[in-house]
>>> print(open('input36.cif').read())   # mmCIF, C-alpha atoms
data_data
loop_
_atom_site.label_atom_id
_atom_site.label_comp_id
_atom_site.auth_asym_id
_atom_site.auth_seq_id
_atom_site.Cartn_x
_atom_site.Cartn_y
_atom_site.Cartn_z
CA MET A 1 110.26 110.74 78.24
CA SER A 2 112.40 109.59 81.14
CA LEU A 3 110.89 108.93 84.53
CA PRO A 4 111.21 111.75 87.08
CA GLU A 5 114.01 111.68 89.63
CA GLU A 6 111.48 111.61 92.48
CA PHE A 7 110.09 108.33 91.17
CA LEU A 8 113.53 106.77 90.62
CA GLU A 9 114.61 107.63 94.17
CA LEU A 10 111.45 106.06 95.58
CA ALA A 11 111.95 102.98 93.41
CA GLN A 12 115.39 102.44 94.88
CA ARG A 13 114.16 103.01 98.43
CA VAL A 14 111.26 100.52 98.31
CA ASN A 15 112.91 97.83 96.17
CA ASN A 16 112.62 94.27 97.53
CA TRP A 17 114.37 92.34 94.75
CA GLY A 18 116.30 89.36 96.12
CA ARG A 19 114.92 89.79 99.64
CA TRP A 20 113.26 86.36 99.53
CA GLY A 21 115.69 84.78 97.10
CA PRO A 22 116.28 85.03 93.34
CA ASP A 23 113.35 82.75 92.42
CA ASP A 24 110.70 84.44 94.57
CA GLU A 25 107.44 85.24 92.73
CA ILE A 26 105.08 86.41 95.50
CA GLY A 27 106.97 89.31 97.07
CA THR A 28 105.55 90.80 100.25
CA LEU A 29 103.07 87.95 100.71
CA ASN A 30 106.07 86.10 102.17
CA LEU A 31 105.55 88.33 105.21
CA ILE A 32 102.32 86.52 106.16
CA THR A 33 103.68 83.81 108.46
CA PRO A 34 101.76 81.01 110.20
CA ASP A 35 102.20 82.86 113.51
CA LEU A 36 100.60 85.98 112.05
CA VAL A 37 97.67 83.96 110.71
CA ARG A 38 97.14 82.35 114.12
CA SER A 39 97.18 85.79 115.70
CA ALA A 40 94.71 87.09 113.13
CA ALA A 41 92.37 84.16 113.83
CA SER A 42 92.26 85.24 117.48
CA LEU A 43 90.61 88.51 116.37
CA VAL A 44 87.39 86.64 115.55
CA LYS A 45 84.92 87.32 118.36
CA SER A 46 81.36 87.20 117.02
CA GLY A 47 81.85 85.26 113.78
CA ARG A 48 80.27 88.04 111.70
CA ARG A 49 81.25 87.74 108.04
CA ILE A 50 81.26 90.70 105.67
CA SER A 51 81.85 90.28 101.95
CA LEU A 52 83.89 93.06 100.34
CA ALA A 53 83.12 92.08 96.74
CA ILE A 54 80.97 93.91 94.23
CA PRO A 55 78.45 91.79 92.26
CA LEU A 56 79.73 89.94 89.21
CA SER A 57 77.42 91.19 86.48
CA GLU A 58 77.28 93.11 83.23
CA GLU A 59 76.54 96.20 85.34
CA GLY A 60 80.08 96.18 86.73
CA PRO A 61 82.45 99.17 86.82
CA GLN A 62 84.10 98.71 83.43
CA THR A 63 83.16 101.38 80.89
CA GLY A 64 85.22 100.19 77.91
CA ALA A 65 88.20 102.43 78.64
CA VAL A 66 90.59 99.47 78.91
CA PRO A 67 90.50 97.20 75.81
CA GLY A 68 89.34 93.67 76.62
CA ARG A 69 88.51 94.46 80.23
CA ILE A 70 84.83 93.62 80.08
CA ASN A 71 82.27 93.22 82.82
CA PRO A 72 81.20 89.62 83.50
CA GLU A 73 78.94 88.14 80.82
CA ARG A 74 77.21 85.03 82.14
CA THR A 75 75.29 82.73 79.82
CA MET A 76 73.40 79.49 80.31
CA THR A 77 74.86 76.47 78.54
CA GLN A 78 72.25 73.95 79.72
CA VAL A 79 68.77 74.54 81.11
CA ASN A 80 67.07 71.60 82.84
CA GLN A 81 68.83 69.20 80.48
CA PRO A 82 67.86 65.57 81.21
CA VAL A 83 70.64 63.07 81.83
CA GLY A 84 69.25 59.70 80.79
CA ASP A 85 65.71 59.18 82.05
CA PRO A 86 64.05 62.65 81.92
CA SER A 87 61.98 61.78 85.00
CA GLN A 88 65.20 61.68 87.04
CA ILE A 89 68.05 64.20 87.18
CA ARG A 90 68.09 67.31 85.00
CA VAL A 91 71.11 69.64 84.83
CA SER A 92 71.50 73.40 84.41
CA ASP A 93 74.97 74.85 83.69
CA ASP A 94 76.34 78.27 82.92
CA ALA A 95 79.56 79.90 81.72
CA VAL A 96 81.17 83.29 82.12
CA ARG A 97 83.35 85.61 80.05
CA MET A 98 85.05 88.55 81.78
CA GLY A 99 88.23 90.50 82.32
CA LEU A 100 90.06 89.12 85.34
CA GLN A 101 90.54 92.71 86.55
CA ALA A 102 86.93 93.66 85.84
CA ALA A 103 85.45 93.51 89.34
CA THR A 104 86.85 93.16 92.86
CA HIS A 105 90.30 91.73 92.16
CA TRP A 106 93.96 91.36 92.99
CA ASP A 107 96.70 92.32 90.54
CA SER A 108 99.47 89.78 90.19
CA LEU A 109 103.07 90.99 90.26
CA ALA A 110 103.17 90.38 86.51
CA HIS A 111 100.41 92.91 85.85
CA VAL A 112 102.77 95.76 84.92
CA SER A 113 106.38 96.32 83.95
CA TYR A 114 108.48 99.31 82.88
CA ASP A 115 111.87 100.04 81.34
CA GLY A 116 112.63 96.31 81.07
CA ARG A 117 111.84 95.81 84.75
CA MET A 118 109.52 93.28 86.34
CA TYR A 119 109.48 92.16 89.97
CA ASN A 120 112.64 90.45 91.25
CA GLY A 121 114.46 91.04 87.97
CA PHE A 122 112.41 88.65 85.87
CA PRO A 123 112.30 89.82 82.24
CA PRO A 124 109.04 91.28 80.93
CA GLU A 125 109.42 88.75 78.11
CA SER A 126 108.36 86.10 80.64
CA ILE A 127 104.84 87.33 79.84
CA ASP A 128 103.65 86.21 76.42
CA GLU A 129 100.45 85.22 74.67
CA SER A 130 100.11 82.27 77.05
CA GLY A 131 100.20 84.59 80.06
CA ALA A 132 102.68 85.10 82.88
CA THR A 133 105.28 82.35 83.13
CA ARG A 134 106.66 84.24 86.15
CA CYS A 135 104.77 85.97 88.98
CA GLY A 136 101.34 84.81 87.79
CA ILE A 137 98.39 84.97 90.16
CA ASP A 138 98.44 81.17 90.45
CA LYS A 139 101.65 81.52 92.48
CA VAL A 140 99.54 83.11 95.24
CA ARG A 141 98.08 79.97 96.73
CA THR A 142 96.42 81.68 99.70
CA LEU A 143 95.93 85.22 100.95
CA VAL A 144 94.71 85.12 104.53
CA GLY A 145 95.80 87.22 107.48
CA ARG A 146 95.18 90.25 109.64
CA GLY A 147 93.10 92.80 107.78
CA VAL A 148 93.20 96.44 108.85
CA LEU A 149 90.70 99.03 107.65
CA LEU A 150 92.14 102.52 107.24
CA ASP A 151 88.94 104.51 106.90
CA VAL A 152 90.34 107.76 105.53
CA ALA A 153 86.89 109.19 104.85
CA ARG A 154 85.56 108.56 108.36
CA ALA A 155 88.80 109.80 109.92
CA ARG A 156 88.27 113.06 108.00
CA GLY A 157 84.68 113.27 109.16
CA VAL A 158 83.21 112.94 105.66
CA ASP A 159 81.10 110.32 103.87
CA ARG A 160 83.37 110.39 100.82
CA VAL A 161 86.70 111.99 99.95
CA GLU A 162 85.80 113.97 96.85
CA GLY A 163 88.03 114.57 93.83
CA ALA A 164 91.47 113.40 92.78
CA ILE A 165 92.97 113.70 96.24
CA PRO A 166 96.38 112.01 96.71
CA LEU A 167 96.50 110.18 100.02
CA THR A 168 99.86 110.57 101.73
CA GLY A 169 101.50 108.71 104.56
CA ASP A 170 100.13 111.38 106.89
CA ASP A 171 96.58 110.55 105.76
CA LEU A 172 97.16 106.85 106.39
CA ASP A 173 98.71 107.59 109.80
CA ALA A 174 95.69 109.72 110.71
CA ALA A 175 93.32 106.89 109.72
CA ALA A 176 95.34 104.39 111.75
CA GLU A 177 95.28 106.72 114.77
CA PHE A 178 91.52 107.18 114.35
CA ALA A 179 91.10 103.40 114.31
CA ARG A 180 93.54 102.92 117.20
CA VAL A 181 95.53 100.36 115.23
CA THR A 182 99.19 99.98 114.40
CA VAL A 183 99.95 98.75 110.90
CA GLY A 184 102.81 96.26 110.91
CA PRO A 185 104.59 93.52 108.97
CA GLY A 186 102.33 91.07 107.18
CA ASP A 187 99.16 93.15 107.47
CA ILE A 188 96.60 93.36 104.67
CA VAL A 189 95.60 97.01 104.51
CA LEU A 190 92.24 98.16 103.13
CA ILE A 191 91.96 101.87 102.34
CA ARG A 192 88.47 103.38 102.29
CA THR A 193 87.77 106.71 100.63
CA GLY A 194 84.04 106.27 100.06
CA GLN A 195 84.52 106.29 96.27
CA MET A 196 82.59 103.01 96.05
CA GLN A 197 79.42 104.94 96.91
CA LEU A 198 79.40 106.40 93.38
CA PHE A 199 79.45 102.96 91.80
CA LYS A 200 76.69 101.70 94.09
CA GLU A 201 74.60 104.74 93.14
CA GLY A 202 74.96 103.81 89.45
CA ASP A 203 77.44 106.55 88.51
CA ARG A 204 80.00 104.32 86.80
CA ARG A 205 81.86 107.12 85.04
CA GLY A 206 81.99 109.23 88.16
CA TYR A 207 83.32 106.22 90.01
CA VAL A 208 86.26 105.91 87.59
CA ALA A 209 87.41 109.52 87.78
CA PRO A 210 88.21 111.71 89.50
CA ALA A 211 89.15 109.37 92.32
CA PRO A 212 91.15 109.75 95.53
CA GLY A 213 93.81 107.15 96.23
CA PRO A 214 97.35 106.56 97.45
CA ALA A 215 99.92 109.13 96.37
CA MET A 216 103.25 108.11 94.89
CA LYS A 217 105.02 108.66 98.21
CA ALA A 218 102.54 106.34 99.94
CA ALA A 219 104.58 103.47 98.52
CA ALA A 220 107.33 104.33 101.00
CA TRP A 221 104.74 104.15 103.81
CA PHE A 222 103.76 100.63 102.70
CA ARG A 223 107.41 99.58 102.52
CA GLU A 224 108.40 101.03 105.89
CA ARG A 225 105.63 99.03 107.57
CA ASP A 226 106.21 95.89 105.50
CA VAL A 227 102.57 95.66 104.44
CA ALA A 228 101.82 92.31 102.78
CA ALA A 229 98.98 93.48 100.51
CA VAL A 230 96.87 96.60 100.09
CA ALA A 231 93.51 97.27 98.43
CA THR A 232 91.38 100.33 97.76
CA ASP A 233 87.71 101.07 97.09
CA ASN A 234 88.30 102.65 93.69
CA MET A 235 88.97 101.53 90.11
CA THR A 236 92.57 102.66 89.66
CA PHE A 237 93.98 101.82 93.10
CA GLU A 238 95.98 105.06 93.19
CA VAL A 239 94.83 108.66 92.84
CA PHE A 240 93.44 109.38 89.38
CA PRO A 241 94.13 111.51 87.45
CA GLY A 242 97.64 111.16 88.78
CA GLU A 243 99.81 113.71 90.52
CA ARG A 244 102.23 114.06 87.61
CA LYS A 245 101.91 114.05 83.84
CA ASP A 246 105.40 112.61 83.36
CA CYS A 247 104.71 109.33 85.19
CA ILE A 248 101.64 107.16 84.50
CA LEU A 249 100.31 105.04 87.38
CA PRO A 250 103.54 105.33 89.41
CA VAL A 251 102.12 103.58 92.48
CA HIS A 252 101.43 100.50 90.35
CA LEU A 253 105.07 100.48 89.28
CA LEU A 254 106.44 101.00 92.79
CA ASN A 255 104.13 98.45 94.42
CA LEU A 256 104.11 95.65 91.87
CA VAL A 257 107.49 95.97 90.13
CA GLU A 258 109.83 97.35 92.78
CA MET A 259 108.31 96.19 96.04
CA GLY A 260 106.46 93.05 94.97
CA LEU A 261 103.39 94.27 96.87
CA THR A 262 100.11 92.64 95.81
CA GLN A 263 97.43 95.29 95.32
CA GLY A 264 93.67 95.14 94.88
CA GLN A 265 90.93 97.35 93.47
CA ASN A 266 87.15 97.73 93.55
CA PHE A 267 86.84 96.50 97.14
CA ASP A 268 83.45 97.40 98.63
CA LEU A 269 84.32 98.68 102.10
CA GLU A 270 81.01 100.41 102.91
CA GLU A 271 79.42 97.73 105.11
CA LEU A 272 82.74 97.02 106.76
CA SER A 273 83.14 100.72 107.56
CA GLU A 274 79.76 100.78 109.31
CA ASP A 275 80.56 97.62 111.24
CA CYS A 276 83.98 98.83 112.37
CA ALA A 277 82.52 102.16 113.48
CA ALA A 278 79.83 100.35 115.46
CA ASP A 279 82.14 98.08 117.46
CA GLY A 280 85.34 100.14 117.32
CA ALA A 281 87.33 97.19 115.95
CA TYR A 282 89.20 98.06 112.76
CA GLU A 283 91.22 94.81 112.65
CA PHE A 284 89.87 91.40 111.69
CA LEU A 285 90.66 88.10 110.04
CA LEU A 286 90.59 88.54 106.27
CA GLU A 287 90.25 85.65 103.82
CA ALA A 288 90.96 87.00 100.33
CA SER A 289 92.59 84.22 98.31
CA PRO A 290 92.55 84.76 94.54
CA LEU A 291 91.30 82.17 92.05
CA PRO A 292 94.32 80.18 90.81
CA PHE A 293 94.16 81.09 87.13
CA VAL A 294 97.33 79.55 85.69
CA ARG A 295 99.55 82.32 84.27
CA GLY A 296 96.91 84.94 85.12
CA VAL A 297 97.98 88.52 85.64
CA GLY A 298 95.05 89.13 87.97
CA SER A 299 92.09 87.40 89.57
CA PRO A 300 88.60 88.17 90.82
CA VAL A 301 88.17 87.67 94.55
CA ASN A 302 85.38 87.58 97.12
CA PRO A 303 87.20 88.93 100.18
CA VAL A 304 85.53 88.17 103.49
CA ALA A 305 86.26 90.07 106.71
CA ILE A 306 85.54 87.90 109.76
CA LYS A 307 85.05 89.68 113.08
#
>>> encode(input="input36.cif", output="structure tokens")
Amino acid sequence: MSLPEEFLELAQRVNNWGRWGPDDEIGTLNLITPDLVRSAASLVKSGRRISLAIPLSEEGPQTGAVPGRINPERTMTQVNQPVGDPSQIRVSDDAVRMGLQAATHWDSLAHVSYDGRMYNGFPPESIDESGATRCGIDKVRTLVGRGVLLDVARARGVDRVEGAIPLTGDDLDAAAEFARVTVGPGDIVLIRTGQMQLFKEGDRRGYVAPAPGPAMKAAAWFRERDVAAVATDNMTFEVFPGERKDCILPVHLLNLVEMGLTQGQNFDLEELSEDCAADGAYEFLLEASPLPFVRGVGSPVNPVAIK
């Protein structure tokens, strides 16, 4: 089945291939300049720090729907093991096994491909059993800048946007107007729908679907504003089930393949929402650097909003 014309037109409109040179592997993260980071640092007033990560545990959001994407399994490898004289130092160690996209995470630009296309024209064959030789998450050395919360749920006057509601550019504009912020080049946008509430209540399957999220046309909104990265508080990033049956996860394809836009999922934005509503400040310094897994196609992250 060929991709719909609507998708192909959007793909052409948002495409960033070659914009930062033929060897570029980080896409829109190039938009985060030192000047923008300095400006973002000036947003820190109180020093409050809010983690946006969900706990790393076997009670994570994965339900087995994606093969190999397992919740973190942590085991002890040493328990009070003496080193030399047992009356002196003893050591406890542990290890973890998990899918790198299992919890709060960023997708690398190598996460998806389609029709022989991967970001910046690199061949999908650059991903093999060893991982991503191009566009791996290790190429993202840092991800720090101005974070902006677009609280779609609060802007609509609801605790949670219910159902598989596609969020359009109009929805994002309304949330930005509600927050009295202007989204611009190099921003890291966080989109809150309230879907995370289901996970925190223990309804893992309800959390997965149905879920509100960015619509296919929202990719054009991200491109027009030159957003550097974007994350949502759901499992699939985009609306799920999707808007069309003839195009699976189209926002993934537009963001990661065509635009080179780093995207994140499973961000817990509930405490941040309360904090932003309390002080009226929906912009902040965000430190959200991924773990540098060599050739990884994704990475867990503990994003911290600093206000």
>>> closest_residue(input="input36.cif", among="A:Ala278, A:Val112, A:Val148, A:Leu272", to="Val181 in chain A", atoms="only C-alpha atoms")
A:Val148
>>> resolve_selection(input="input36.cif", expression="the PyMOL selection byres ((chain A and resi 169) around 9)", output="MDAnalysis selection string")
chainID A and resid 167:168 170:174 214:215 217:222
>>> closest_atom_pairs(input="input36.cif", of="range 147-240 of chain A", to="range 21-32 of chain A", cutoff="12 Å", atoms="all atoms listed in the file", output="CSV")
residue,atom,partner,partner_atom,distance
A:Gly147,CA,A:Ile32,CA,11.3
A:Gly184,CA,A:Leu31,CA,10.1
A:Pro185,CA,A:Leu31,CA,6.5
A:Gly186,CA,A:Ile32,CA,4.7
A:Asp187,CA,A:Ile32,CA,7.5
A:Ile188,CA,A:Ile32,CA,9.0
A:Phe222,CA,A:Thr28,CA,10.3
A:Arg223,CA,A:Thr28,CA,9.3
A:Arg225,CA,A:Leu31,CA,11.0
A:Asp226,CA,A:Thr28,CA,7.3
A:Val227,CA,A:Thr28,CA,7.1
A:Ala228,CA,A:Thr28,CA,4.8
A:Ala229,CA,A:Leu29,CA,6.9
A:Val230,CA,A:Thr28,CA,10.4
>>> atom_distance(input="input36.cif", atom1="CA of Asn255 in chain A", atom2="CA of Val183 in chain A")
17.0 Å
>>> resolve_selection(input="input36.cif", expression="the PyMOL selection byres ((chain A and resi 45-54) around 6)", output="list of chain:residue names")
A:Val44, A:Pro55, A:Thr104, A:Phe267, A:Asp268, A:Leu269, A:Asn302, A:Pro303, A:Val304, A:Ala305, A:Ile306, A:Lys307
>>> atom_distance(input="input36.cif", atom1="CA of Val239 in chain A", atom2="CA of Leu286 in chain A")
24.6 Å
>>> residues_around(input="input36.cif", residues="Pro61 in chain A", least_positions_apart="6", cutoff="8 Å", atoms="all atoms listed in the file", output="PyMOL selection string")
chain A and resi 71+102-103+199+204+207-208+235
>>> write_last_selection(input="input36.cif", atoms="C-alpha atoms", output="mmCIF file, in the frame of the given file")
data_model
loop_
_atom_site.group_PDB
_atom_site.id
_atom_site.type_symbol
_atom_site.label_atom_id
_atom_site.label_comp_id
_atom_site.auth_asym_id
_atom_site.auth_seq_id
_atom_site.Cartn_x
_atom_site.Cartn_y
_atom_site.Cartn_z
ATOM 1 C CA ASN A 71 82.270 93.220 82.820
ATOM 2 C CA ALA A 102 86.930 93.660 85.840
ATOM 3 C CA ALA A 103 85.450 93.510 89.340
ATOM 4 C CA PHE A 199 79.450 102.960 91.800
ATOM 5 C CA ARG A 204 80.000 104.320 86.800
ATOM 6 C CA TYR A 207 83.320 106.220 90.010
ATOM 7 C CA VAL A 208 86.260 105.910 87.590
ATOM 8 C CA MET A 235 88.970 101.530 90.110
#
>>> atom_distance(input="input36.cif", atom1="CA of Gln12 in chain A", atom2="CA of Gln101 in chain A")
28.0 Å
>>> resolve_selection(input="input36.cif", expression="the PyMOL selection byres ((chain A and resi 34) around 12)", output="MDAnalysis selection string")
chainID A and resid 29:33 35:41 142:146 186
>>> write_last_selection(input="input36.cif", atoms="C-alpha atoms", output="mmCIF file, keeping the file's coordinate frame")
data_model
loop_
_atom_site.group_PDB
_atom_site.id
_atom_site.type_symbol
_atom_site.label_atom_id
_atom_site.label_comp_id
_atom_site.auth_asym_id
_atom_site.auth_seq_id
_atom_site.Cartn_x
_atom_site.Cartn_y
_atom_site.Cartn_z
ATOM 1 C CA LEU A 29 103.070 87.950 100.710
ATOM 2 C CA ASN A 30 106.070 86.100 102.170
ATOM 3 C CA LEU A 31 105.550 88.330 105.210
ATOM 4 C CA ILE A 32 102.320 86.520 106.160
ATOM 5 C CA THR A 33 103.680 83.810 108.460
ATOM 6 C CA ASP A 35 102.200 82.860 113.510
ATOM 7 C CA LEU A 36 100.600 85.980 112.050
ATOM 8 C CA VAL A 37 97.670 83.960 110.710
ATOM 9 C CA ARG A 38 97.140 82.350 114.120
ATOM 10 C CA SER A 39 97.180 85.790 115.700
ATOM 11 C CA ALA A 40 94.710 87.090 113.130
ATOM 12 C CA ALA A 41 92.370 84.160 113.830
ATOM 13 C CA THR A 142 96.420 81.680 99.700
ATOM 14 C CA LEU A 143 95.930 85.220 100.950
ATOM 15 C CA VAL A 144 94.710 85.120 104.530
ATOM 16 C CA GLY A 145 95.800 87.220 107.480
ATOM 17 C CA ARG A 146 95.180 90.250 109.640
ATOM 18 C CA GLY A 186 102.330 91.070 107.180
#
>>> closest_residue(input="input36.cif", among="A:Ser273, A:Val83, A:Ala132, A:Leu253", to="Arg160 in chain A", atoms="all atoms listed in the file")
A:Ser273
>>> closest_residue(input="input36.cif", among="A:Ser42, A:Asn120, A:Asn266, A:Thr236", to="Pro210 in chain A", atoms="all atoms listed in the file")
A:Thr236
>>> residues_around(input="input36.cif", residues="Ser299 in chain A", least_positions_apart="3", cutoff="9 Å", atoms="all atoms listed in the file", output="list in words")
Gly99, Leu100, Gln101, Ala102, Thr104, His105, Trp106, Asp107, Ser108, Ile137, Asp138, Pro290, Leu291, Pro292, Phe293 and Gly296 of chain A
>>> write_last_selection(input="input36.cif", atoms="C-alpha atoms", output="mmCIF file, in the coordinates of the input")
data_model
loop_
_atom_site.group_PDB
_atom_site.id
_atom_site.type_symbol
_atom_site.label_atom_id
_atom_site.label_comp_id
_atom_site.auth_asym_id
_atom_site.auth_seq_id
_atom_site.Cartn_x
_atom_site.Cartn_y
_atom_site.Cartn_z
ATOM 1 C CA GLY A 99 88.230 90.500 82.320
ATOM 2 C CA LEU A 100 90.060 89.120 85.340
ATOM 3 C CA GLN A 101 90.540 92.710 86.550
ATOM 4 C CA ALA A 102 86.930 93.660 85.840
ATOM 5 C CA THR A 104 86.850 93.160 92.860
ATOM 6 C CA HIS A 105 90.300 91.730 92.160
ATOM 7 C CA TRP A 106 93.960 91.360 92.990
ATOM 8 C CA ASP A 107 96.700 92.320 90.540
ATOM 9 C CA SER A 108 99.470 89.780 90.190
ATOM 10 C CA ILE A 137 98.390 84.970 90.160
ATOM 11 C CA ASP A 138 98.440 81.170 90.450
ATOM 12 C CA PRO A 290 92.550 84.760 94.540
ATOM 13 C CA LEU A 291 91.300 82.170 92.050
ATOM 14 C CA PRO A 292 94.320 80.180 90.810
ATOM 15 C CA PHE A 293 94.160 81.090 87.130
ATOM 16 C CA GLY A 296 96.910 84.940 85.120
#
>>> residues_around(input="input36.cif", residues="Ala153 in chain A", least_positions_apart="5", cutoff="10 Å", atoms="all atoms listed in the file", output="list in words")
Val158, Asp159, Arg160, Val161, Glu162, Asp171, Ala175, Ile191, Arg192, Thr193, Gly194, Gln195 and Ser273 of chain A
>>> write_last_selection(input="input36.cif", atoms="C-alpha atoms", output="PDB file, keeping the file's coordinate frame")
ATOM      1  CA  VAL A 158      83.210 112.940 105.660  1.00  0.00           C
ATOM      2  CA  ASP A 159      81.100 110.320 103.870  1.00  0.00           C
ATOM      3  CA  ARG A 160      83.370 110.390 100.820  1.00  0.00           C
ATOM      4  CA  VAL A 161      86.700 111.990  99.950  1.00  0.00           C
ATOM      5  CA  GLU A 162      85.800 113.970  96.850  1.00  0.00           C
ATOM      6  CA  ASP A 171      96.580 110.550 105.760  1.00  0.00           C
ATOM      7  CA  ALA A 175      93.320 106.890 109.720  1.00  0.00           C
ATOM      8  CA  ILE A 191      91.960 101.870 102.340  1.00  0.00           C
ATOM      9  CA  ARG A 192      88.470 103.380 102.290  1.00  0.00           C
ATOM     10  CA  THR A 193      87.770 106.710 100.630  1.00  0.00           C
ATOM     11  CA  GLY A 194      84.040 106.270 100.060  1.00  0.00           C
ATOM     12  CA  GLN A 195      84.520 106.290  96.270  1.00  0.00           C
ATOM     13  CA  SER A 273      83.140 100.720 107.560  1.00  0.00           C
TER      14      SER A 273
END
>>> residues_around(input="input36.cif", residues="Phe240 in chain A", least_positions_apart="3", cutoff="8 Å", atoms="only C-alpha atoms", output="ChimeraX atom specification")
/A:164,209-213,236,243
>>> residues_around(input="input36.cif", residues="Gly136 in chain A", least_positions_apart="6", cutoff="7 Å", atoms="only C-alpha atoms", output="count of residues only")
7
>>> axis_aligned_box(input="input36.cif", around="range 196-209 of chain A", padding_each_side="8 Å", output="JSON")
{"center_x": 81.0, "center_y": 105.6, "center_z": 91.0, "size_x": 28.8, "size_y": 23.8, "size_z": 27.9}
>>> closest_residue(input="input36.cif", among="A:Met76, A:Leu261, A:Ala95, A:Leu3", to="Asp246 in chain A", atoms="all atoms listed in the file")
A:Leu3
>>> closest_residue(input="input36.cif", among="A:Tyr282, A:Thr232, A:Ala277, A:Trp20", to="Gln263 in chain A", atoms="only C-alpha atoms")
A:Thr232
>>> closest_residue(input="input36.cif", among="A:Thr63, A:Thr182, A:Gly18, A:Asp151", to="Gly206 in chain A", atoms="all atoms listed in the file")
A:Thr63
